[in-house]
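First up is the structure itself, then whatever we jot down about it.
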Amino acid sequence: MTPLLIAALGLLMVATAFLSGIFGMAGGLILIGVLLTILPLPSAMVLHAVTQMASNGWRAFLWRAHIRWRPVAIYLIGCGLALGAWSITRYVPDKPIALLLLGITPFMARMTPASIKPNPDSIAQGSFYGFICMGLMLMTGVSGPLMDTFFLGGNFNRKEVVATKAACQVASHFVKLVYFGGIIDQAASLDPVLAVVAVAASMLGTTLARRLLEAMSDVQFRTWANRLITTIACYYIGYGSWLLLSPYLKA
């Protein structure tokens, strides 16, 4: 990568970490979409994993007093099962499929019947969502939209949502790093300079967002979080559909 591209990605990482620092979501969803357009999928996944581990790890540290550890432990059970299953197939999706899945998952989560409203403290639900979210993470790079909907459905305040989800995401992105950096056949490597920039930018953006999150009410948090998820999801459905159909349109 050229120094100019590294600098541009650094600024993007600050911005997306700032967004995630406020809502605990959306930033990673934007970042992976950009990375998928400029890098091969395995390389995009590895860089995204490092960035998000730094962003979520620092966020979890800043809000450590608000982490709900039971849901984190339950979620990790599902992550472990998913890694075992995906290590057998070593599947790597095409970019259009990955983008379409990014866009569809929030709406799938919202279609869940009210009778089975998400309960992050439930062992059965937490393990199931951990398995599904980890599967999405390995296909699309993020599981945020589905995980966001899961935690927003629980009885958590905004700080607990951000802190608990951050702790879960550190583990998820570490698993993704192991998968795309070592398990799959076309494993990717990462430029050390870019890795340092990614970590520093993620920590800076997360730190800058803390004061704004403290000033928000829980109602404002949930309202804007849902709007962001919907807007970004619709964009990825449109973009993924275009990439999937464009070869046929040109024929």
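In the structure tokens, the first chain shown is A, the next is B, and so on; residue numbers restart at 1 for each chain, and ligands run from 1 in the order shown.
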
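Near segment 198-205 of chain A, within a cut-off of 7 Å and counting only C-alpha atoms, sit the residues Gly10, Met13, Val14, Ala15, Ala17, Phe18, Thr51, Ala54, Ser55, Trp58, Leu194, Ala195, Leu208 and Ala209 of chain A, with same-chain residues fewer than 3 positions away left out.
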
Next, write the just-selected residues to a file, as a short mmCIF file (atom, residue, chain, number, x, y, z; two decimals), in the first residue's frame, keeping N, CA and C atoms as the atom set.
```cif
data_model
loop_
_atom_site.label_atom_id
_atom_site.label_comp_id
_atom_site.auth_asym_id
_atom_site.auth_seq_id
_atom_site.Cartn_x
_atom_site.Cartn_y
_atom_site.Cartn_z
N GLY A 10 -6.20 5.15 7.74
CA GLY A 10 -6.08 5.53 9.15
C GLY A 10 -7.17 6.51 9.56
N MET A 13 -10.42 4.69 9.79
CA MET A 13 -10.48 3.88 11.00
C MET A 13 -10.78 4.72 12.24
N VAL A 14 -10.23 5.93 12.29
CA VAL A 14 -10.57 6.83 13.40
C VAL A 14 -12.07 7.14 13.38
N ALA A 15 -12.59 7.45 12.18
CA ALA A 15 -14.01 7.81 12.05
C ALA A 15 -14.92 6.64 12.39
N ALA A 17 -14.18 3.98 14.23
CA ALA A 17 -14.04 3.66 15.66
C ALA A 17 -14.82 4.67 16.51
N PHE A 18 -14.83 5.94 16.07
CA PHE A 18 -15.61 6.97 16.77
C PHE A 18 -17.10 6.62 16.73
N THR A 51 -8.04 -4.31 13.40
CA THR A 51 -8.63 -3.01 13.71
C THR A 51 -9.73 -3.14 14.76
N ALA A 54 -8.61 -4.04 18.33
CA ALA A 54 -8.10 -2.87 19.03
C ALA A 54 -9.23 -1.96 19.48
N SER A 55 -10.17 -1.69 18.56
CA SER A 55 -11.28 -0.80 18.86
C SER A 55 -12.17 -1.35 19.98
N TRP A 58 -10.24 -1.75 23.45
CA TRP A 58 -10.10 -0.49 24.18
C TRP A 58 -11.45 -0.02 24.71
N LEU A 194 0.80 -0.96 8.65
CA LEU A 194 -0.65 -0.80 8.58
C LEU A 194 -1.31 -1.30 9.86
N ALA A 195 -0.77 -2.37 10.44
CA ALA A 195 -1.32 -2.90 11.69
C ALA A 195 -1.18 -1.89 12.82
N LEU A 208 -12.25 9.27 21.69
CA LEU A 208 -12.95 10.52 21.38
C LEU A 208 -14.47 10.39 21.54
N ALA A 209 -15.00 9.18 21.37
CA ALA A 209 -16.45 8.98 21.39
C ALA A 209 -17.02 8.89 22.81
#
```

Residues flagged helix (DSSP H, G or I) by DSSP in segment 1-246 of chain A, as a VMD selection string: chain A and resid 3 to 23 27 to 38 41 to 62 64 to 66 69 to 89 95 to 110 114 to 116 123 to 140 144 to 152 158 to 183 192 to 215 218 to 246

Point-to-point distance from atom CA of Gly84 of chain A to atom CA of Val161 of chain A, Å rounded to tenths: 27.4 Å

Test item: residues at most 8 Å from Met134 of chain A, only C-alpha atoms, excluding those fewer than 6 positions along its chain, as a PyMOL selection string: chain A and resi 78-79+82-83+143+172

Per residue of segment 134-169 of chain A within 8 Å of segment 60-65 of chain A, which atom pair is closest and at what distance in Å (one decimal), using only C-alpha atoms, listed by chain and increasing number, as a tab-separated table?
```
residue	atom	partner	partner_atom	distance
A:Lys159	CA	A:Trp63	CA	7.2
A:Val162	CA	A:Trp63	CA	7.9
A:Ala163	CA	A:Ala60	CA	5.1
A:Thr164	CA	A:Ala60	CA	7.3
A:Ala166	CA	A:Ala60	CA	5.3
A:Ala167	CA	A:Ala60	CA	5.6
```

Residue nearest Leu5 of chain A - candidates A:Val175, A:Leu228, A:Val197, A:Leu138, atoms counted: only C-alpha atoms: A:Val197

Residue among A:Ser43, A:Gln125, A:Asn155, A:Ser217 lying closest to Asp191 of chain A, counting only C-alpha atoms: A:Ser43

Segment 90-105 of chain A surroundings by only C-alpha atoms, 10 Å radius, close-in-sequence under 6 positions cut, as number ranges by chain: A: 29, 32-33, 36-37, 40-42, 83, 111, 133, 136-147, 149, 179-180, 183-186, 229-245

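If only C-alpha atoms are the atoms counted, then among A:Val196, A:Ala85, A:Ile67, A:Val50 the closest residue to Phe174 of chain A is A:Val50.
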
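You can rank A:Lys176, A:Leu81, A:Thr16, A:Arg227 by their closest distance to Phe128 of chain A using only C-alpha atoms, and at the top of that list sits A:Leu81.
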
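Pairwise distance (atom CA of Gly135 of chain A, atom CA of Pro106 of chain A) equals 14.7 Å.
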
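Note that the spacing between atom CA of Arg70 of chain A and atom CA of Leu177 of chain A amounts to 24.2 Å.
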
Option closest in space to Ala7 of chain A, from A:Leu152, A:Val193, A:Ala171, A:Ile88 [counting only C-alpha atoms]: A:Val193
